[in-house]
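**Student:** Please see the structure below; I have some questions.
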Amino acid sequence: GDIVEFAIELPPEISLEPDKSLENKIEIIFEDENFIIINKPSGISVHPSSSETKGTIVNWLIYHFPKIKSVGDSLENGNIRPGIVHRLDKETSGVMAIAKNQKTFLMLKKQFQTHTVTKKYAVLVNGSPKEDSGKIDLNIARSKTDPTKNVVTKSKTEGRSALTYWKVVKRYPDHTLMEASPKTGRMHQIRVHLKSIGMPVAGDKKYLPAGGRGGLKSKDPKHLGRMFLHAEYLSFKNANGEKMSFSAPLPSDLANCLRNLIYVIK
């Protein structure tokens, strides 16, 4: 005979309003009639969500390129990712490609889906591998305890396939600068894969909580203010089949972090 009363709180409305406040924060590396290449800064999300309804790359895109609202998936149901063919995490900086028309969107999307796009990331990890290069071929699945995280699984029937190649660029006393090349595009792939082999990304609070829980000890550089992950290189083919390559230098905050580390030759 109990009566239970409750109120349903609707999620906040996602805004696709133009936003010019990011005008001087986002660098356009290249632009033609088909696509835009930007150097995405850290701290800005790619598209709006229920937790972050405005102030994203998409809001900036709509301000600069109003026609881009008609480009992308699910156009009939309301497209909150116009022009977006791939994403970078909020804290991740670097090269990102955006389609300006539907034909280019479908062309680029197919290249990402068939893993013919070349992606290279600069990443600083806690720890040092014995080898100078390697690959991580482990499926990635959504965490059962935290839906905002992914985890690796040794089962080939659980989760989705994921492949990441890595190689050492420089070794430091407690850290290693690597080049990571993901061949697939799973959420948090580089972060999850590197953590799985005992080398978590420096500054990654999501996958390496303070206090070293989960058997991993955090040795983040004290002068590192965010996750050290930067998309430094992107290459794909344009509509004429020509290879297009773009790069973005390491941002000043990450470059300063490396300068404050003592280099050790091994």
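Chain labels run A, B, ... following the order of the structure tokens; each chain numbers its residues from 1, and ligands are numbered from 1 in the order shown.
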Could you give me, as a ChimeraX atom specification, the residues within 8 Å of segment 236-241 of chain A, counting only C-alpha atoms and dropping anything in the same chain fewer than 4 positions from it?
**Tutor:** /A:104,107-108,111,116-118,245
**Student:** Quick one: write out the picked residues with C-alpha atoms as a tab-separated table (two decimals), in the first residue's frame?
**Tutor:**
```tsv
chain	number	residue	atom	x	y	z
A	104	THR	CA	33.67	14.37	-47.94
A	107	MET	CA	34.63	9.51	-47.77
A	108	LEU	CA	36.60	10.31	-44.59
A	111	GLN	CA	38.72	5.67	-44.32
A	116	THR	CA	43.42	3.34	-43.68
A	117	VAL	CA	44.03	6.65	-41.88
A	118	THR	CA	47.46	7.08	-40.26
A	245	SER	CA	49.39	14.72	-44.30
```
**Student:** Show me, as a compact mmCIF listing (two decimals) with all heavy atoms, in the first residue's frame, the residues that have an atom within 12 Å of Val71 of chain A when counting only C-alpha atoms, minus same-chain residues fewer than 5 positions from it.
**Tutor:**
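Result file is part_10.txt:
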```
# COMPACT_ATOMS: atom_id res chain seq x y z
N ASN A 34 36.50 21.19 -49.17
CA ASN A 34 35.97 19.90 -48.70
C ASN A 34 36.18 19.62 -47.22
O ASN A 34 35.34 18.97 -46.60
CB ASN A 34 36.61 18.76 -49.51
CG ASN A 34 36.19 18.80 -50.97
OD1 ASN A 34 35.02 19.03 -51.27
ND2 ASN A 34 37.13 18.59 -51.86
N PHE A 35 37.27 20.07 -46.66
CA PHE A 35 37.51 19.77 -45.24
C PHE A 35 38.35 20.84 -44.57
O PHE A 35 38.97 21.69 -45.22
CB PHE A 35 38.14 18.39 -45.07
CG PHE A 35 39.43 18.18 -45.81
CD1 PHE A 35 40.64 18.57 -45.25
CD2 PHE A 35 39.45 17.58 -47.06
CE1 PHE A 35 41.84 18.39 -45.92
CE2 PHE A 35 40.64 17.38 -47.75
CZ PHE A 35 41.84 17.79 -47.16
N VAL A 58 32.18 21.91 -31.98
CA VAL A 58 31.01 21.98 -32.85
C VAL A 58 30.36 23.36 -32.80
O VAL A 58 29.98 23.92 -33.84
CB VAL A 58 30.00 20.87 -32.48
CG1 VAL A 58 28.61 21.19 -33.04
CG2 VAL A 58 30.47 19.53 -33.01
N LEU A 61 32.45 25.58 -34.82
CA LEU A 61 32.30 25.28 -36.25
C LEU A 61 31.06 25.95 -36.83
O LEU A 61 31.11 26.53 -37.92
CB LEU A 61 32.19 23.76 -36.46
CG LEU A 61 33.48 22.94 -36.45
CD1 LEU A 61 33.15 21.46 -36.44
CD2 LEU A 61 34.35 23.29 -37.64
N ILE A 62 29.96 25.86 -36.10
CA ILE A 62 28.71 26.42 -36.60
C ILE A 62 28.81 27.94 -36.72
O ILE A 62 28.20 28.55 -37.60
CB ILE A 62 27.54 26.00 -35.68
CG1 ILE A 62 27.33 24.49 -35.80
CG2 ILE A 62 26.26 26.74 -36.03
CD1 ILE A 62 26.35 23.92 -34.80
N PHE A 65 31.36 28.22 -39.86
CA PHE A 65 30.93 27.55 -41.08
C PHE A 65 29.45 27.12 -40.91
O PHE A 65 29.18 25.94 -40.68
CB PHE A 65 31.80 26.32 -41.36
CG PHE A 65 33.28 26.58 -41.30
CD1 PHE A 65 34.00 26.31 -40.14
CD2 PHE A 65 33.95 27.12 -42.39
CE1 PHE A 65 35.37 26.56 -40.08
CE2 PHE A 65 35.31 27.37 -42.33
CZ PHE A 65 36.02 27.10 -41.17
N PRO A 66 28.51 28.04 -41.01
CA PRO A 66 27.09 27.74 -40.76
C PRO A 66 26.53 26.59 -41.58
O PRO A 66 25.68 25.82 -41.10
CB PRO A 66 26.39 29.07 -41.11
CG PRO A 66 27.45 30.11 -40.96
CD PRO A 66 28.73 29.46 -41.36
N GLU A 76 18.26 13.52 -39.89
CA GLU A 76 16.82 13.64 -39.71
C GLU A 76 16.43 13.65 -38.22
O GLU A 76 15.35 14.09 -37.85
CB GLU A 76 16.09 12.50 -40.44
CG GLU A 76 16.32 11.11 -39.84
CD GLU A 76 17.64 10.48 -40.25
OE1 GLU A 76 18.40 11.14 -40.98
OE2 GLU A 76 17.91 9.35 -39.82
N GLY A 78 18.29 15.11 -35.76
CA GLY A 78 19.01 16.15 -35.02
C GLY A 78 20.47 15.77 -34.90
O GLY A 78 20.84 14.85 -34.18
N ASN A 79 21.31 16.45 -35.62
CA ASN A 79 22.73 16.10 -35.69
C ASN A 79 23.53 16.97 -34.72
O ASN A 79 23.66 18.16 -34.92
CB ASN A 79 23.23 16.29 -37.13
CG ASN A 79 24.71 15.99 -37.28
OD1 ASN A 79 25.26 15.21 -36.50
ND2 ASN A 79 25.34 16.59 -38.27
N ILE A 80 24.07 16.35 -33.65
CA ILE A 80 24.85 17.13 -32.68
C ILE A 80 26.35 17.04 -32.96
O ILE A 80 27.15 17.58 -32.20
CB ILE A 80 24.57 16.69 -31.23
CG1 ILE A 80 25.00 15.23 -31.00
CG2 ILE A 80 23.10 16.88 -30.87
CD1 ILE A 80 25.02 14.83 -29.55
N ARG A 81 26.73 16.35 -34.03
CA ARG A 81 28.15 16.23 -34.40
C ARG A 81 28.37 16.61 -35.86
O ARG A 81 28.97 15.85 -36.61
CB ARG A 81 28.64 14.81 -34.14
CG ARG A 81 28.44 14.33 -32.71
CD ARG A 81 28.80 12.88 -32.57
NE ARG A 81 28.42 12.36 -31.27
CZ ARG A 81 28.50 11.08 -30.91
NH1 ARG A 81 28.91 10.18 -31.79
NH2 ARG A 81 28.14 10.68 -29.70
N PRO A 82 27.91 17.75 -36.30
CA PRO A 82 28.06 18.11 -37.72
C PRO A 82 29.51 18.19 -38.15
O PRO A 82 30.33 18.83 -37.51
CB PRO A 82 27.38 19.48 -37.81
CG PRO A 82 27.40 20.02 -36.41
CD PRO A 82 27.27 18.82 -35.53
N GLY A 83 29.82 17.49 -39.25
CA GLY A 83 31.17 17.53 -39.81
C GLY A 83 32.18 16.66 -39.10
O GLY A 83 33.30 16.47 -39.60
N ILE A 84 31.82 16.09 -37.96
CA ILE A 84 32.80 15.36 -37.14
C ILE A 84 32.92 13.91 -37.62
O ILE A 84 31.96 13.14 -37.56
CB ILE A 84 32.38 15.37 -35.65
CG1 ILE A 84 32.23 16.81 -35.14
CG2 ILE A 84 33.40 14.60 -34.81
CD1 ILE A 84 33.48 17.65 -35.22
N VAL A 85 34.11 13.54 -38.09
CA VAL A 85 34.35 12.18 -38.55
C VAL A 85 35.20 11.37 -37.56
O VAL A 85 35.25 10.14 -37.62
CB VAL A 85 35.03 12.16 -39.94
CG1 VAL A 85 34.08 12.66 -41.00
CG2 VAL A 85 36.31 12.99 -39.95
N ILE A 98 37.86 17.72 -40.14
CA ILE A 98 36.43 17.99 -40.12
C ILE A 98 35.93 18.14 -41.56
O ILE A 98 36.53 18.86 -42.36
CB ILE A 98 36.12 19.28 -39.33
CG1 ILE A 98 36.59 19.13 -37.87
CG2 ILE A 98 34.64 19.62 -39.37
CD1 ILE A 98 36.85 20.43 -37.17
N ALA A 99 34.84 17.47 -41.88
CA ALA A 99 34.29 17.51 -43.24
C ALA A 99 33.39 18.72 -43.41
O ALA A 99 32.59 19.05 -42.54
CB ALA A 99 33.53 16.24 -43.54
N LYS A 100 33.46 19.36 -44.59
CA LYS A 100 32.64 20.54 -44.86
C LYS A 100 31.40 20.21 -45.70
O LYS A 100 30.49 21.04 -45.81
CB LYS A 100 33.47 21.61 -45.58
CG LYS A 100 34.55 22.22 -44.72
CD LYS A 100 35.39 23.24 -45.47
CE LYS A 100 34.67 24.53 -45.72
NZ LYS A 100 35.56 25.54 -46.36
N ASN A 101 31.36 19.02 -46.29
CA ASN A 101 30.19 18.62 -47.06
C ASN A 101 29.95 17.12 -46.88
O ASN A 101 30.82 16.40 -46.38
CB ASN A 101 30.35 18.98 -48.55
CG ASN A 101 31.63 18.40 -49.14
OD1 ASN A 101 31.82 17.19 -49.19
ND2 ASN A 101 32.54 19.27 -49.58
N GLN A 102 28.76 16.67 -47.26
CA GLN A 102 28.36 15.29 -46.99
C GLN A 102 29.21 14.28 -47.75
O GLN A 102 29.54 13.20 -47.24
CB GLN A 102 26.88 15.10 -47.32
CG GLN A 102 26.27 13.80 -46.82
CD GLN A 102 26.22 13.72 -45.29
OE1 GLN A 102 26.45 14.71 -44.61
NE2 GLN A 102 25.91 12.54 -44.78
N LYS A 103 29.57 14.59 -48.99
CA LYS A 103 30.40 13.67 -49.78
C LYS A 103 31.74 13.43 -49.11
O LYS A 103 32.21 12.29 -49.00
CB LYS A 103 30.60 14.24 -51.19
CG LYS A 103 31.40 13.33 -52.11
CD LYS A 103 31.54 13.94 -53.50
CE LYS A 103 32.38 13.03 -54.41
NZ LYS A 103 32.54 13.62 -55.76
N THR A 104 32.38 14.49 -48.63
CA THR A 104 33.67 14.37 -47.94
C THR A 104 33.49 13.66 -46.60
O THR A 104 34.34 12.85 -46.21
CB THR A 104 34.29 15.76 -47.72
OG1 THR A 104 34.43 16.41 -48.98
CG2 THR A 104 35.65 15.65 -47.05
N PHE A 105 32.40 13.93 -45.92
CA PHE A 105 32.12 13.27 -44.65
C PHE A 105 32.09 11.76 -44.83
O PHE A 105 32.74 11.01 -44.07
CB PHE A 105 30.79 13.77 -44.08
CG PHE A 105 30.36 13.07 -42.82
CD1 PHE A 105 30.84 13.47 -41.58
CD2 PHE A 105 29.49 12.00 -42.87
CE1 PHE A 105 30.46 12.82 -40.42
CE2 PHE A 105 29.09 11.34 -41.73
CZ PHE A 105 29.57 11.75 -40.49
N LEU A 106 31.36 11.29 -45.82
CA LEU A 106 31.24 9.85 -46.06
C LEU A 106 32.57 9.24 -46.50
O LEU A 106 32.92 8.13 -46.11
CB LEU A 106 30.16 9.58 -47.10
CG LEU A 106 28.73 9.97 -46.68
CD1 LEU A 106 27.77 9.81 -47.85
CD2 LEU A 106 28.28 9.16 -45.48
N LYS A 109 34.84 9.21 -43.36
CA LYS A 109 34.30 8.23 -42.41
C LYS A 109 34.68 6.80 -42.82
O LYS A 109 35.05 5.98 -41.98
CB LYS A 109 32.78 8.37 -42.34
CG LYS A 109 32.12 7.43 -41.34
CD LYS A 109 30.62 7.63 -41.30
CE LYS A 109 29.96 6.64 -40.37
NZ LYS A 109 28.48 6.79 -40.34
```
**Student:** Using only C-alpha atoms for the distances, tell me which of A:Val95, A:Ala248, A:Leu229, A:Ala7 is nearest to Glu179 of chain A.
**Tutor:** A:Leu229
**Student:** Assign secondary structure with DSSP using the backbone only, and return the residues of segment 6-224 of chain A in strand (DSSP E or B) as a PyMOL selection string.
**Tutor:** chain A and resi 27-31+35-40+84+93-99+118-126+133-137+139-142+150-153+160+163-171+175-182+201
**Student:** Gly203 of chain A: which residues within 10 Å, counting only C-alpha atoms, same-chain residues fewer than 5 positions away excluded, as a PyMOL selection string?
**Tutor:** chain A and resi 91+124-126+208-209+218-222+224-229
**Student:** Can you pull out every residue within 6 Å of Ala141 of chain A, counting only C-alpha atoms, but drop anything in the same chain fewer than 3 positions away, and send it as a list in words?
**Tutor:**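 Near Ala141 of chain A, the qualifying residues are Asn150, Val151 and Gly159 of chain A.
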**Student:** Within 10 Å of segment 38-42 of chain A, counting only C-alpha atoms, which residues qualify if same-chain residues fewer than 5 places away don't, as a ChimeraX atom specification?
**Tutor:** /A:25-31,57,88-98,226-232,246-249,251
**Student:** Write to file, as a tab-separated table (two decimals), in the first residue's frame, the residues of the selection just made, with N, CA and C atoms.
**Tutor:**
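Now in out_36.tsv:
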```tsv
chain	number	residue	atom	x	y	z
A	25	LYS	N	41.13	30.65	-29.97
A	25	LYS	CA	41.70	29.50	-29.27
A	25	LYS	C	41.95	28.30	-30.18
A	26	ILE	N	41.32	28.31	-31.34
A	26	ILE	CA	41.41	27.16	-32.24
A	26	ILE	C	42.14	27.56	-33.52
A	27	GLU	N	43.22	26.88	-33.81
A	27	GLU	CA	44.03	27.18	-34.99
A	27	GLU	C	43.58	26.33	-36.18
A	28	ILE	N	43.33	26.97	-37.31
A	28	ILE	CA	43.04	26.25	-38.55
A	28	ILE	C	44.37	25.99	-39.27
A	29	ILE	N	44.74	24.74	-39.39
A	29	ILE	CA	46.00	24.36	-40.04
A	29	ILE	C	45.85	24.39	-41.56
A	30	PHE	N	44.68	23.92	-42.04
A	30	PHE	CA	44.46	23.82	-43.49
A	30	PHE	C	42.95	23.89	-43.74
A	31	GLU	N	42.59	24.47	-44.87
A	31	GLU	CA	41.18	24.51	-45.26
A	31	GLU	C	41.06	24.58	-46.77
A	57	ILE	N	33.91	22.37	-29.83
A	57	ILE	CA	34.40	22.55	-31.20
A	57	ILE	C	33.23	22.70	-32.17
A	88	LEU	N	38.67	13.60	-30.53
A	88	LEU	CA	39.77	13.57	-29.57
A	88	LEU	C	39.17	13.81	-28.19
A	89	ASP	N	39.75	13.19	-27.16
A	89	ASP	CA	39.27	13.42	-25.80
A	89	ASP	C	39.41	14.89	-25.44
A	90	LYS	N	38.63	15.32	-24.48
A	90	LYS	CA	38.63	16.73	-24.08
A	90	LYS	C	40.03	17.22	-23.74
A	91	GLU	N	40.80	16.43	-22.99
A	91	GLU	CA	42.14	16.85	-22.58
A	91	GLU	C	43.18	16.68	-23.67
A	92	THR	N	42.88	15.90	-24.68
A	92	THR	CA	43.84	15.64	-25.76
A	92	THR	C	43.87	16.80	-26.73
A	93	SER	N	45.07	17.20	-27.12
A	93	SER	CA	45.25	18.28	-28.10
A	93	SER	C	45.71	17.68	-29.42
A	94	GLY	N	45.72	18.52	-30.47
A	94	GLY	CA	46.34	18.09	-31.71
A	94	GLY	C	45.47	18.11	-32.95
A	95	VAL	N	45.96	17.42	-33.98
A	95	VAL	CA	45.38	17.46	-35.33
A	95	VAL	C	44.04	16.75	-35.39
A	96	MET	N	43.08	17.42	-36.02
A	96	MET	CA	41.74	16.86	-36.16
A	96	MET	C	41.16	17.29	-37.50
A	97	ALA	N	40.53	16.34	-38.22
A	97	ALA	CA	39.94	16.61	-39.53
A	97	ALA	C	38.42	16.76	-39.40
A	98	ILE	N	37.86	17.72	-40.14
A	98	ILE	CA	36.43	17.99	-40.12
A	98	ILE	C	35.93	18.14	-41.56
A	226	ARG	N	48.06	18.59	-17.03
A	226	ARG	CA	46.99	17.84	-17.70
A	226	ARG	C	47.55	16.55	-18.27
A	227	MET	N	46.70	15.77	-18.88
A	227	MET	CA	47.12	14.51	-19.48
A	227	MET	C	48.07	14.76	-20.65
A	228	PHE	N	49.18	14.03	-20.68
A	228	PHE	CA	50.18	14.20	-21.74
A	228	PHE	C	49.84	13.29	-22.92
A	229	LEU	N	48.93	13.76	-23.76
A	229	LEU	CA	48.54	13.04	-24.97
A	229	LEU	C	48.22	14.06	-26.05
A	230	HIS	N	48.96	13.99	-27.16
A	230	HIS	CA	48.85	14.98	-28.23
A	230	HIS	C	48.83	14.30	-29.58
A	231	ALA	N	47.79	14.58	-30.38
A	231	ALA	CA	47.70	14.04	-31.74
A	231	ALA	C	48.61	14.87	-32.65
A	232	GLU	N	49.78	14.31	-32.95
A	232	GLU	CA	50.79	15.10	-33.65
A	232	GLU	C	50.78	14.92	-35.17
A	246	PHE	N	49.14	16.01	-42.27
A	246	PHE	CA	49.13	17.21	-41.45
A	246	PHE	C	49.74	16.92	-40.09
A	247	SER	N	50.36	17.92	-39.51
A	247	SER	CA	50.99	17.74	-38.19
A	247	SER	C	50.81	18.99	-37.35
A	248	ALA	N	50.93	18.81	-36.06
A	248	ALA	CA	50.83	19.92	-35.10
A	248	ALA	C	51.94	19.77	-34.08
A	249	PRO	N	52.73	20.80	-33.85
A	249	PRO	CA	53.83	20.70	-32.89
A	249	PRO	C	53.31	20.52	-31.47
A	251	PRO	N	52.31	21.28	-27.92
A	251	PRO	CA	51.93	22.55	-27.27
A	251	PRO	C	52.96	22.96	-26.22
```
**Student:** When distances are computed from only C-alpha atoms, which of A:Ala162, A:Ser128, A:Ile37, A:Leu138 shows the smallest separation from Asp174 of chain A?
**Tutor:** A:Ser128
**Student:** From a backbone DSSP assignment, name each residue in segment 29-224 of chain A labelled helix (DSSP H, G or I), as JSON, numbers by chain.
**Tutor:** {"A": [57, 58, 59, 60, 61, 62, 63, 64, 66, 67, 68, 69, 70, 75, 76, 77, 102, 103, 104, 105, 106, 107, 108, 109, 110, 111, 112, 113, 189, 190, 191, 192, 193, 194, 195, 196, 213, 214, 215]}
**Student:** I need the residues from that last selection saved to file as a CSV table (one decimal), in the first residue's frame (with C-alpha atoms), if you can.
**Tutor:**
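What ended up in part-v9.csv:
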```csv
chain,number,residue,atom,x,y,z
A,57,ILE,CA,34.4,22.5,-31.2
A,58,VAL,CA,31.0,22.0,-32.9
A,59,ASN,CA,29.6,25.3,-31.5
A,60,TRP,CA,32.7,27.0,-32.9
A,61,LEU,CA,32.3,25.3,-36.2
A,62,ILE,CA,28.7,26.4,-36.6
A,63,TYR,CA,29.8,30.0,-35.9
A,64,HIS,CA,32.5,30.0,-38.6
A,66,PRO,CA,27.1,27.7,-40.8
A,67,LYS,CA,26.5,25.4,-43.7
A,68,ILE,CA,28.2,22.6,-41.8
A,69,LYS,CA,25.0,22.0,-39.8
A,70,SER,CA,23.8,19.9,-42.7
A,75,LEU,CA,20.5,14.4,-39.9
A,76,GLU,CA,16.8,13.6,-39.7
A,77,ASN,CA,17.0,13.1,-35.9
A,102,GLN,CA,28.4,15.3,-47.0
A,103,LYS,CA,30.4,13.7,-49.8
A,104,THR,CA,33.7,14.4,-47.9
A,105,PHE,CA,32.1,13.3,-44.6
A,106,LEU,CA,31.2,9.8,-46.1
A,107,MET,CA,34.6,9.5,-47.8
A,108,LEU,CA,36.6,10.3,-44.6
A,109,LYS,CA,34.3,8.2,-42.4
A,110,LYS,CA,34.9,5.2,-44.6
A,111,GLN,CA,38.7,5.7,-44.3
A,112,PHE,CA,38.5,5.8,-40.5
A,113,GLN,CA,36.2,2.7,-40.5
A,189,GLN,CA,42.2,3.4,-26.7
A,190,ILE,CA,45.7,4.6,-26.2
A,191,ARG,CA,45.0,5.4,-22.5
A,192,VAL,CA,43.5,2.0,-21.8
A,193,HIS,CA,46.0,0.0,-23.8
A,194,LEU,CA,49.1,1.6,-22.2
A,195,LYS,CA,47.7,1.2,-18.7
A,196,SER,CA,47.1,-2.5,-19.4
A,213,ARG,CA,44.9,2.4,-6.7
A,214,GLY,CA,44.8,-0.7,-8.9
A,215,GLY,CA,48.4,-1.6,-8.4
```
**Student:** List the neighbours of segment 10-13 of chain A out to 10 Å using only C-alpha atoms; skip same-chain residues closer than 3 positions along the sequence, and give me the result as a list in words.
**Tutor:**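 Residues near the query, excluding close chain neighbours: Ala7, Leu16, Pro48, Ser49, Ser50, Ser51, Glu52, Thr53 and Lys54 of chain A.
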**Student:** Next, the residues of the selection above should be written as a compact mmCIF listing (two decimals), in the first residue's frame with C-alpha atoms.
**Tutor:**
```
# COMPACT_ATOMS: atom_id res chain seq x y z
CA ALA A 7 10.10 13.80 -10.07
CA LEU A 16 23.93 23.96 -31.30
CA PRO A 48 28.01 19.03 -26.93
CA SER A 49 26.64 16.48 -24.47
CA SER A 50 24.19 16.40 -21.57
CA SER A 51 27.02 17.31 -19.20
CA GLU A 52 28.56 19.98 -21.43
CA THR A 53 25.90 21.64 -23.52
CA LYS A 54 27.91 24.39 -25.20
```
**Student:** Work out how far atom CA of Thr114 of chain A is from atom CA of Met199 of chain A, in Å to one decimal.
**Tutor:**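 Separating atom CA of Met199 of chain A from atom CA of Thr114 of chain A is a distance of 28.1 Å.
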**Student:** Could you work out how far atom CA of Trp166 of chain A lies from atom CA of Leu250 of chain A, giving the answer in Å with one decimal?
**Tutor:**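 That distance, rounded to one decimal, is 17.7 Å.
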**Student:** What's the separation between atom CA of Arg186 of chain A and atom CA of Arg160 of chain A, in Å to one decimal place?
**Tutor:** 8.0 Å
